[in-house]
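Listing of coords_4.csv; format and content: CSV, C-alpha atoms.
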chain,number,residue,atom,x,y,z
A,1,MET,CA,0.6,12.4,16.1
A,2,SER,CA,0.8,12.3,19.9
A,3,MET,CA,-1.6,14.5,21.8
A,4,SER,CA,-1.8,15.6,25.4
A,5,LEU,CA,-4.3,17.2,27.7
A,6,LEU,CA,-4.3,20.9,27.8
A,7,GLN,CA,-5.1,23.4,30.5
A,8,PRO,CA,-8.8,24.4,30.6
A,9,ASN,CA,-8.0,28.0,29.7
A,10,LEU,CA,-9.6,28.5,26.4
A,11,GLN,CA,-8.7,32.2,25.9
A,12,GLN,CA,-6.5,33.5,23.1
A,13,CYS,CA,-6.1,30.2,21.2
A,14,ALA,CA,-5.1,31.9,17.9
A,15,PRO,CA,-1.9,30.6,16.4
A,16,SER,CA,1.2,32.8,15.7
A,17,PHE,CA,2.9,32.3,12.4
A,18,SER,CA,6.7,32.5,11.8
A,19,SER,CA,8.0,34.8,9.1
A,20,SER,CA,8.4,31.8,6.7
A,21,THR,CA,5.7,30.6,4.4
A,22,SER,CA,5.3,27.2,6.1
A,23,LEU,CA,1.8,25.9,6.2
A,24,PHE,CA,2.3,24.6,9.8
A,25,PRO,CA,1.6,27.2,12.5
A,26,SER,CA,3.7,27.4,15.6
A,27,PHE,CA,2.2,27.7,19.1
A,28,SER,CA,3.9,29.4,22.0
A,29,SER,CA,2.2,27.5,24.8
A,30,ARG,CA,-0.7,25.4,23.6
A,31,ARG,CA,-1.2,22.4,21.3
A,32,VAL,CA,-4.1,21.8,19.0
A,33,THR,CA,-6.0,18.7,17.9
A,34,SER,CA,-6.3,19.6,14.3
A,35,VAL,CA,-5.1,22.2,11.8
A,36,LYS,CA,-7.0,22.2,8.5
A,37,PRO,CA,-6.6,24.6,5.5
A,38,SER,CA,-9.6,26.4,4.2
A,39,VAL,CA,-10.7,26.3,0.5
A,40,SER,CA,-9.9,30.0,0.0
A,41,SER,CA,-6.7,31.2,-1.7
A,42,GLN,CA,-5.0,31.6,1.6
A,43,PHE,CA,-4.5,28.8,4.2
A,44,ILE,CA,-6.2,29.7,7.4
A,45,PRO,CA,-5.8,27.3,10.3
A,46,LEU,CA,-8.9,26.2,12.1
A,47,VAL,CA,-8.0,25.5,15.7
A,48,ARG,CA,-9.9,23.6,18.3
A,49,CYS,CA,-8.6,23.8,21.9
A,50,VAL,CA,-8.9,20.8,24.1
A,51,SER,CA,-10.2,20.9,27.6
A,52,GLN,CA,-9.2,18.6,30.5
A,53,SER,CA,-12.5,16.8,30.3
A,54,GLU,CA,-11.4,15.3,27.0
A,55,VAL,CA,-9.4,12.1,26.8
A,56,ALA,CA,-5.7,12.0,25.6
A,57,VAL,CA,-4.9,9.7,22.7
A,58,SER,CA,-1.4,8.8,21.7
A,59,ASN,CA,-0.5,6.7,18.6
A,60,GLY,CA,-3.8,4.8,18.6
A,61,LYS,CA,-3.5,3.9,22.3
A,62,LEU,CA,-5.8,5.2,25.0
A,63,ASP,CA,-4.0,6.2,28.2
A,64,GLY,CA,-1.6,3.3,27.8
A,65,LYS,CA,-4.4,0.9,27.0
A,66,ILE,CA,-5.6,-0.6,23.7
A,67,ILE,CA,-8.5,0.9,21.8
A,68,GLU,CA,-11.5,-1.5,22.1
A,69,ARG,CA,-12.4,-3.5,19.0
A,70,ASN,CA,-13.7,-7.1,18.5
A,71,GLU,CA,-11.4,-8.2,15.8
A,72,ILE,CA,-7.8,-9.4,16.3
A,73,ARG,CA,-5.6,-8.0,13.5
A,74,LEU,CA,-2.7,-9.9,11.8
A,75,GLY,CA,-0.5,-7.9,9.5
A,76,LEU,CA,1.1,-9.7,6.5
A,77,PRO,CA,3.5,-8.4,3.8
A,78,SER,CA,1.6,-7.2,0.8
A,79,LYS,CA,4.1,-7.8,-1.9
A,80,GLY,CA,7.2,-9.7,-2.9
A,81,ARG,CA,8.8,-13.0,-2.0
A,82,MET,CA,8.2,-12.5,1.7
A,83,ALA,CA,4.4,-12.1,1.0
A,84,SER,CA,4.1,-15.3,-1.1
A,85,ASP,CA,6.3,-17.4,1.2
A,86,THR,CA,4.1,-16.2,4.2
A,87,LEU,CA,0.9,-17.3,2.5
A,88,ASP,CA,2.4,-20.6,1.6
A,89,LEU,CA,3.5,-21.3,5.2
A,90,LEU,CA,0.0,-20.4,6.5
A,91,LYS,CA,-1.6,-22.7,3.9
A,92,ASP,CA,0.7,-25.5,5.0
A,93,CYS,CA,-0.5,-25.0,8.6
A,94,GLN,CA,-4.1,-25.2,7.4
A,95,LEU,CA,-4.5,-21.5,7.9
A,96,SER,CA,-5.2,-20.5,4.3
A,97,VAL,CA,-5.9,-16.7,3.8
A,98,LYS,CA,-9.1,-16.0,1.9
A,99,GLN,CA,-9.1,-12.8,-0.1
A,100,VAL,CA,-12.3,-11.9,-1.9
A,101,ASN,CA,-10.6,-9.3,-4.1
A,102,PRO,CA,-6.8,-9.4,-4.7
A,103,ARG,CA,-6.9,-5.6,-4.6
A,104,GLN,CA,-8.3,-5.5,-1.1
A,105,TYR,CA,-6.0,-5.0,1.8
A,106,VAL,CA,-8.2,-7.0,4.2
A,107,ALA,CA,-8.8,-10.8,4.2
A,108,GLN,CA,-9.9,-13.6,6.5
A,109,ILE,CA,-8.6,-17.0,7.7
A,110,PRO,CA,-11.8,-19.1,8.1
A,111,GLN,CA,-10.2,-21.3,10.8
A,112,LEU,CA,-9.8,-18.2,13.0
A,113,SER,CA,-13.1,-16.5,12.9
A,114,SER,CA,-12.1,-13.6,15.2
A,115,LEU,CA,-9.0,-12.8,13.1
A,116,GLU,CA,-8.6,-10.1,10.4
A,117,VAL,CA,-5.7,-10.2,8.0
A,118,TRP,CA,-4.3,-6.9,6.8
A,119,PHE,CA,-1.8,-6.7,3.9
A,120,GLN,CA,0.7,-3.9,4.6
A,121,ARG,CA,4.2,-3.0,3.8
A,122,PRO,CA,6.6,-4.7,6.2
A,123,LYS,CA,7.7,-1.5,7.9
A,124,ASP,CA,4.1,-0.4,8.3
A,125,ILE,CA,3.3,-3.7,10.0
A,126,VAL,CA,5.9,-2.9,12.7
A,127,ARG,CA,4.8,0.7,13.0
A,128,LYS,CA,1.1,-0.3,13.4
A,129,LEU,CA,2.0,-2.9,16.0
A,130,VAL,CA,3.6,-0.2,18.0
A,131,SER,CA,0.7,2.2,17.4
A,132,GLY,CA,-1.9,-0.5,18.4
A,133,ASP,CA,-3.6,-0.7,15.0
A,134,LEU,CA,-2.3,-4.3,14.6
A,135,ASP,CA,-2.0,-7.1,17.2
A,136,LEU,CA,0.2,-9.6,15.4
A,137,GLY,CA,2.5,-9.5,12.3
A,138,ILE,CA,4.8,-11.6,10.3
A,139,VAL,CA,7.8,-9.8,8.9
A,140,GLY,CA,11.6,-10.1,8.8
A,141,LEU,CA,13.6,-9.7,12.0
A,142,ASP,CA,15.6,-6.9,10.3
A,143,THR,CA,12.4,-4.9,9.8
A,144,VAL,CA,11.3,-5.4,13.4
A,145,SER,CA,14.7,-4.3,14.6
A,146,GLU,CA,15.0,-1.3,12.3
A,147,PHE,CA,11.5,0.1,12.7
A,148,GLY,CA,10.6,-1.2,16.1
A,149,GLN,CA,13.8,0.4,17.5
A,150,GLY,CA,13.7,-1.6,20.7
A,151,ASP,CA,10.1,-0.7,21.6
A,152,GLU,CA,9.3,-2.8,24.7
A,153,ASP,CA,5.7,-3.3,23.5
A,154,LEU,CA,7.0,-5.6,20.7
A,155,ILE,CA,7.5,-9.2,21.6
A,156,LEU,CA,8.7,-12.0,19.4
A,157,VAL,CA,6.3,-15.0,19.5
A,158,HIS,CA,8.3,-17.1,17.0
A,159,ASP,CA,11.8,-16.1,16.1
A,160,ALA,CA,12.6,-18.7,13.3
A,161,LEU,CA,9.9,-19.3,10.6
A,162,ASP,CA,12.6,-20.8,8.3
A,163,TYR,CA,12.2,-18.5,5.3
A,164,GLY,CA,13.4,-15.1,4.3
A,165,ASP,CA,16.9,-15.9,5.5
A,166,CYS,CA,19.4,-13.0,5.0
A,167,ARG,CA,21.9,-10.9,6.9
A,168,LEU,CA,22.3,-7.2,7.3
A,169,SER,CA,26.0,-6.7,6.5
A,170,ILE,CA,28.6,-4.0,5.8
A,171,ALA,CA,30.2,-4.3,2.4
A,172,ILE,CA,33.2,-2.4,1.0
A,173,PRO,CA,35.0,-2.3,-2.4
A,174,LYS,CA,37.6,-5.0,-3.2
A,175,TYR,CA,39.8,-2.3,-4.7
A,176,GLY,CA,41.6,0.9,-3.9
A,177,ILE,CA,42.2,1.8,-0.3
A,178,PHE,CA,40.0,-1.1,0.8
A,179,GLU,CA,42.0,-3.8,-1.0
A,180,ASN,CA,43.7,-5.0,2.2
A,181,VAL,CA,40.9,-4.2,4.6
A,182,ASN,CA,39.1,-7.4,5.7
A,183,SER,CA,37.6,-6.7,9.1
A,184,MET,CA,35.6,-4.1,11.0
A,185,ASN,CA,38.6,-3.3,13.2
A,186,GLU,CA,40.7,-2.6,10.2
A,187,LEU,CA,37.9,-0.5,8.6
A,188,ALA,CA,37.5,1.5,11.9
A,189,GLN,CA,41.2,2.2,12.2
A,190,MET,CA,41.8,3.5,8.7
A,191,PRO,CA,43.5,6.9,9.0
A,192,GLN,CA,41.5,8.3,6.1
A,193,TRP,CA,38.4,8.9,8.3
A,194,THR,CA,38.4,12.2,10.0
A,195,ALA,CA,35.8,14.7,11.2
A,196,GLU,CA,36.2,16.6,7.9
A,197,LYS,CA,36.1,13.4,5.8
A,198,PRO,CA,34.2,10.7,7.5
A,199,LEU,CA,33.4,7.2,6.3
A,200,ARG,CA,30.3,7.4,4.1
A,201,ILE,CA,27.8,4.6,4.3
A,202,ALA,CA,24.8,4.2,2.0
A,203,THR,CA,21.9,2.3,3.6
A,204,GLY,CA,18.2,2.1,4.2
A,205,PHE,CA,18.9,1.1,7.8
A,206,THR,CA,19.3,4.5,9.5
A,207,TYR,CA,18.6,3.1,13.0
A,208,LEU,CA,20.6,-0.1,13.1
A,209,GLY,CA,23.5,1.3,11.1
A,210,PRO,CA,24.5,4.2,13.4
A,211,LYS,CA,23.9,2.0,16.4
A,212,PHE,CA,26.2,-0.7,15.1
A,213,MET,CA,29.0,1.8,14.2
A,214,LYS,CA,28.8,3.4,17.6
A,215,ASP,CA,29.0,0.0,19.3
A,216,HIS,CA,32.2,-0.7,17.3
A,217,GLY,CA,33.8,2.6,18.1
A,218,VAL,CA,33.7,4.1,14.6
A,219,LYS,CA,33.6,7.8,15.4
A,220,HIS,CA,33.9,9.5,12.0
A,221,VAL,CA,31.0,8.1,10.0
A,222,THR,CA,28.0,9.5,8.1
A,223,PHE,CA,25.0,7.7,6.6
A,224,SER,CA,23.1,8.6,3.5
A,225,THR,CA,19.6,7.2,3.1
A,226,ALA,CA,19.0,5.1,0.0
A,227,ASP,CA,16.8,2.3,-1.2
A,228,GLY,CA,17.6,-0.4,-3.7
A,229,ALA,CA,20.6,-0.9,-5.9
A,230,LEU,CA,23.0,0.2,-3.2
A,231,GLU,CA,25.8,-1.8,-4.7
A,232,ALA,CA,26.4,0.9,-7.3
A,233,ALA,CA,27.0,3.6,-4.6
A,234,PRO,CA,30.8,3.1,-4.0
A,235,ALA,CA,31.6,2.9,-7.8
A,236,MET,CA,29.7,6.1,-8.4
A,237,GLY,CA,31.5,7.9,-5.6
A,238,ILE,CA,28.4,8.4,-3.6
A,239,ALA,CA,29.5,6.3,-0.7
A,240,ASP,CA,32.6,4.5,0.6
A,241,ALA,CA,30.7,1.4,1.9
A,242,ILE,CA,27.1,0.1,2.0
A,243,LEU,CA,25.0,-1.5,4.7
A,244,ASP,CA,22.4,-3.8,3.1
A,245,LEU,CA,20.7,-7.2,3.3
A,246,VAL,CA,22.7,-10.0,1.8
A,247,SER,CA,21.5,-13.5,0.9
A,248,SER,CA,23.9,-15.4,-1.3
A,249,GLY,CA,26.4,-12.5,-1.8
A,250,THR,CA,26.4,-12.9,-5.5
A,251,THR,CA,25.3,-9.3,-6.2
A,252,LEU,CA,28.0,-8.0,-4.0
A,253,ARG,CA,30.7,-10.0,-5.8
A,254,GLU,CA,29.4,-9.0,-9.2
A,255,ASN,CA,29.8,-5.4,-8.2
A,256,ASN,CA,33.3,-5.8,-6.8
A,257,LEU,CA,32.2,-5.6,-3.2
A,258,LYS,CA,33.1,-7.8,-0.3
A,259,GLU,CA,31.8,-8.5,3.2
A,260,ILE,CA,34.3,-8.2,6.1
A,261,GLU,CA,34.9,-10.0,9.3
A,262,GLY,CA,32.7,-8.7,12.1
A,263,GLY,CA,30.6,-6.7,9.7
A,264,VAL,CA,27.3,-8.6,10.1
A,265,VAL,CA,24.9,-6.4,11.9
A,266,LEU,CA,22.0,-8.9,12.1
A,267,GLU,CA,21.1,-12.4,11.0
A,268,SER,CA,17.5,-12.2,9.9
A,269,GLN,CA,14.6,-14.4,8.8
A,270,ALA,CA,10.8,-14.3,9.0
A,271,VAL,CA,9.4,-13.9,12.5
A,272,LEU,CA,6.0,-13.8,14.2
A,273,VAL,CA,5.8,-10.6,16.4
A,274,ALA,CA,3.0,-9.3,18.6
A,275,SER,CA,2.0,-6.3,20.6
A,276,ARG,CA,2.5,-7.0,24.3
A,277,LYS,CA,-0.4,-4.8,25.3
A,278,SER,CA,-2.7,-6.6,22.8
A,279,LEU,CA,-1.8,-10.1,24.1
A,280,MET,CA,-2.5,-9.0,27.7
A,281,GLN,CA,-5.5,-6.8,27.2
A,282,ARG,CA,-7.4,-7.7,24.0
A,283,LYS,CA,-10.0,-10.4,24.4
A,284,GLY,CA,-9.1,-13.6,22.5
A,285,ALA,CA,-5.7,-12.3,21.3
A,286,LEU,CA,-3.6,-14.7,23.5
A,287,ASP,CA,-5.8,-17.7,22.6
A,288,THR,CA,-5.5,-16.9,18.9
A,289,THR,CA,-1.8,-16.5,19.2
A,290,HIS,CA,-1.5,-19.8,21.0
A,291,GLU,CA,-3.3,-21.6,18.1
A,292,ILE,CA,-1.2,-19.9,15.4
A,293,LEU,CA,2.0,-20.7,17.3
A,294,GLU,CA,0.9,-24.4,17.9
A,295,ARG,CA,0.2,-24.8,14.2
A,296,LEU,CA,3.5,-23.2,13.1
A,297,GLU,CA,5.5,-25.2,15.6
A,298,ALA,CA,3.9,-28.5,14.6
A,299,HIS,CA,4.4,-27.9,10.8
A,300,LEU,CA,7.9,-26.6,11.1
A,301,ARG,CA,8.9,-29.5,13.3
A,302,ALA,CA,7.6,-32.0,10.8
A,303,ILE,CA,9.5,-30.5,7.8
A,304,GLY,CA,12.0,-33.1,6.5
A,305,GLN,CA,10.7,-35.8,8.8
A,306,PHE,CA,9.3,-39.2,7.7
A,307,THR,CA,7.3,-42.0,9.3
A,308,VAL,CA,8.9,-45.4,8.7
A,309,THR,CA,6.8,-48.5,9.3
A,310,ALA,CA,8.1,-52.1,9.1
A,311,ASN,CA,7.3,-55.6,10.1
A,312,MET,CA,9.7,-57.7,12.1
A,313,ARG,CA,9.7,-61.2,13.6
A,314,GLY,CA,10.4,-61.5,17.3
A,315,SER,CA,9.7,-63.4,20.5
A,316,SER,CA,8.3,-60.3,22.2
A,317,ALA,CA,7.8,-56.6,21.9
A,318,GLU,CA,10.7,-55.9,24.2
A,319,GLU,CA,13.1,-58.2,22.2
A,320,VAL,CA,12.1,-56.4,19.0
A,321,ALA,CA,12.6,-53.0,20.7
A,322,GLU,CA,16.1,-53.9,21.9
A,323,ARG,CA,17.1,-54.8,18.3
A,324,VAL,CA,15.7,-51.6,16.9
A,325,LEU,CA,17.4,-49.4,19.6
A,326,SER,CA,20.7,-51.1,18.9
A,327,GLN,CA,20.8,-49.2,15.6
A,328,PRO,CA,21.8,-45.5,15.9
A,329,SER,CA,19.4,-44.2,13.3
A,330,LEU,CA,16.3,-45.9,14.5
A,331,SER,CA,15.6,-44.2,17.9
A,332,GLY,CA,12.9,-41.9,16.5
A,333,LEU,CA,11.6,-38.9,18.5
A,334,GLN,CA,11.3,-40.7,21.8
A,335,GLY,CA,11.9,-44.4,20.8
A,336,PRO,CA,10.2,-46.9,18.5
A,337,THR,CA,6.5,-47.8,18.8
A,338,VAL,CA,6.2,-51.6,18.8
A,339,SER,CA,2.9,-53.4,18.4
A,340,PRO,CA,1.9,-57.0,17.6
A,341,VAL,CA,0.7,-58.0,14.1
A,342,TYR,CA,-1.8,-60.8,14.5
A,343,SER,CA,-2.3,-63.6,11.9
A,344,LYS,CA,-4.4,-66.7,11.9
A,345,ARG,CA,-2.7,-70.1,11.4
A,346,ASP,CA,-4.1,-73.6,12.0
A,347,GLY,CA,-7.2,-72.0,13.4
A,348,LYS,CA,-5.3,-70.0,16.0
A,349,VAL,CA,-4.7,-66.2,16.2
A,350,SER,CA,-1.1,-65.4,17.2
A,351,PRO,CA,1.3,-62.5,16.8
A,352,ASP,CA,3.9,-63.8,14.4
A,353,TYR,CA,5.2,-60.3,13.6
A,354,PHE,CA,5.6,-57.0,15.3
A,355,ALA,CA,5.1,-53.7,13.6
A,356,ILE,CA,7.5,-50.9,14.4
A,357,VAL,CA,6.9,-47.2,13.7
A,358,ILE,CA,9.6,-44.6,14.0
A,359,CYS,CA,10.2,-41.0,12.8
A,360,VAL,CA,13.4,-40.3,11.0
A,361,PRO,CA,14.8,-37.2,9.3
A,362,LYS,CA,15.1,-37.1,5.5
A,363,LYS,CA,18.9,-37.1,5.5
A,364,ALA,CA,18.9,-40.4,7.5
A,365,LEU,CA,16.0,-42.1,5.6
A,366,TYR,CA,17.9,-44.5,3.4
A,367,LYS,CA,20.4,-45.4,6.1
A,368,SER,CA,17.5,-46.1,8.4
A,369,VAL,CA,15.9,-48.4,5.9
A,370,GLN,CA,19.2,-50.3,5.5
A,371,GLN,CA,19.5,-50.7,9.3
A,372,LEU,CA,15.9,-52.0,9.5
A,373,ARG,CA,16.6,-54.6,6.9
A,374,ALA,CA,19.8,-55.6,8.7
A,375,ILE,CA,17.9,-56.5,11.9
A,376,GLY,CA,15.1,-58.4,10.1
A,377,GLY,CA,12.7,-55.7,9.0
A,378,SER,CA,10.5,-56.2,6.0
A,379,GLY,CA,7.6,-54.5,4.2
A,380,VAL,CA,9.0,-51.1,4.9
A,381,LEU,CA,6.6,-48.2,4.3
A,382,VAL,CA,7.7,-44.6,4.2
A,383,SER,CA,5.4,-41.5,4.4
A,384,PRO,CA,6.2,-37.8,4.9
A,385,LEU,CA,5.0,-36.1,8.1
A,386,THR,CA,2.8,-33.0,8.0
A,387,TYR,CA,2.6,-32.1,11.6
A,388,ILE,CA,4.3,-33.1,14.9
A,389,PHE,CA,2.3,-32.0,17.9
A,390,ASP,CA,4.3,-32.6,21.0
A,391,GLU,CA,4.2,-31.0,24.4
A,392,GLU,CA,3.3,-27.4,24.8
A,393,PRO,CA,5.8,-25.6,22.6
A,394,ARG,CA,8.9,-24.1,24.3
A,395,ARG,CA,8.2,-20.8,22.7
A,396,TRP,CA,4.7,-20.7,24.2
A,397,ARG,CA,6.0,-21.3,27.7
A,398,GLN,CA,8.6,-18.6,27.0
A,399,LEU,CA,5.9,-16.2,25.8
A,400,LEU,CA,3.8,-16.6,28.9
A,401,SER,CA,6.9,-16.0,31.0
A,402,ASN,CA,7.7,-12.8,29.1
A,403,LEU,CA,4.2,-11.7,29.7
A,404,GLY,CA,4.5,-12.4,33.4
A,405,MET,CA,1.9,-15.2,33.4
Spit out the file's structure as structure tokens when you get a sec.
Amino acid sequence: MSMSLLQPNLQQCAPSFSSSTSLFPSFSSRRVTSVKPSVSSQFIPLVRCVSQSEVAVSNGKLDGKIIERNEIRLGLPSKGRMASDTLDLLKDCQLSVKQVNPRQYVAQIPQLSSLEVWFQRPKDIVRKLVSGDLDLGIVGLDTVSEFGQGDEDLILVHDALDYGDCRLSIAIPKYGIFENVNSMNELAQMPQWTAEKPLRIATGFTYLGPKFMKDHGVKHVTFSTADGALEAAPAMGIADAILDLVSSGTTLRENNLKEIEGGVVLESQAVLVASRKSLMQRKGALDTTHEILERLEAHLRAIGQFTVTANMRGSSAEEVAERVLSQPSLSGLQGPTVSPVYSKRDGKVSPDYFAIVICVPKKALYKSVQQLRAIGGSGVLVSPLTYIFDEEPRRWRQLLSNLGM
């Protein structure tokens, strides 16, 4: 609840009740910091007036600044596929979450001693980032967009964690008046929608839905709030269309629903999001974010990449490098690493072979091995990559720029 400073006049602070039986008193000119019911049979509000000497607090933030605490808080989803995939990703980045008791909502990451992990519902993670109760969070972009509602304090640190892929999309029946409707323009121009009988959409996205419809010029539309199993709403006559998250689209097809051209509101996947104020004001928050981002970037970049090592005869390192670079699949990240392989013959040590090391994507692995053999490579060794640490990540430079640093 947002609170503001009041005038120092402490006279006549008694509340005035409306004629209804509501438990919440109304005040003509003053606000209160707390209203508590007594234990008697009637509810009597206990009111404390606030003087100007007291400090205003709004949504966990103090005069636009963060509330001081030593810990940096990371919010993670508490249940479902998103929760398990998030823990797996952090583990792959050597940031395993240690939870003493699976029923507890707080945990630690030993590698980040100043960080606390808090397990929350995804929408609560976003809300608590806005309120200042969390500093970082991993949730779906759809959740950030719906519950963050464009709040300028929210800032995307990493916008593509490569899991939780889905899209927020409009779906309509394949039958009846919608049989020949295949685009948003056609849906918006249907003569059936009037002020008296608007297009009815069932959704859990009551911020993004109306915004999307307004942007597409759909004037006569209403939204009903619903969670889960939205696909049944049109068949039951509860709604004309639905706005929901879609992955493969199988559930829609099985319920005689279809997506339409231009009906995708948002492409979503897991993202790392932060509070701008926390990054700028909380001690250690920016450094911790930097380390998390570096680990994420290094691991995600290495997914599907392999190190290929081979021996090759040649007169010089340059001559071997020219042969390697003549093959389109052997350029690696920045070019091949070529180094001499020394052997001893007739009492002399000489570089009879050169070892080449390149990085190749999984989809080009076999083709790369064939090309190596074609230019004289032998003894080919292949191993998967775990991390690729390169220059400072582009997203880190972008984050600093967004923070004005």
Surrounding residues of A:Leu399 excluding itself and chain neighbours under 6 positions, 9 Å, all atoms listed in the file, as a list of chain:residue names: A:Ile155, A:Leu156, A:Val157, A:Met405
Å distance separating atom CA of A:Thr250 from atom CA of A:Cys166, one decimal place: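 It comes out at 12.6 Å.
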Do you know which residues are at most 10 Å from A:Tyr105 counting all atoms listed in the file, after dropping those on the same chain fewer than 4 positions away, and could you put them as a short mmCIF file (atom, residue, chain, number, x, y, z; two decimals) with C-alpha atoms, in the frame of the given file?
data_model
loop_
_atom_site.label_atom_id
_atom_site.label_comp_id
_atom_site.auth_asym_id
_atom_site.auth_seq_id
_atom_site.Cartn_x
_atom_site.Cartn_y
_atom_site.Cartn_z
CA GLY A 75 -0.50 -7.90 9.50
CA LEU A 76 1.10 -9.70 6.50
CA SER A 78 1.60 -7.20 0.80
CA GLN A 99 -9.10 -12.80 -0.10
CA ASN A 101 -10.60 -9.30 -4.10
CA VAL A 117 -5.70 -10.20 8.00
CA TRP A 118 -4.30 -6.90 6.80
CA PHE A 119 -1.80 -6.70 3.90
CA GLN A 120 0.70 -3.90 4.60
#
Separation of atom CA of A:Lys123 from atom CA of A:Gln281 in Å: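 Pair atom CA of A:Gln281 / atom CA of A:Lys123 returns 24.0 Å.
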Atomic distance atom CA of A:Leu286 - atom CA of A:Leu112, expressed in Å with one decimal: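 Going from atom CA of A:Leu286 over to atom CA of A:Leu112 covers 12.7 Å.
For stretch 216-218 of chain A, the residues within 8 Å (counting all atoms listed in the file, excluding itself and residues fewer than 4 positions away along the chain) are A:Met184, A:Ala188, A:Phe212.
Distances to A:Gly164 were evaluated for A:Ile72, A:Leu199, A:Val360, A:Val271 using all atoms listed in the file, and the minimum falls at A:Val271.
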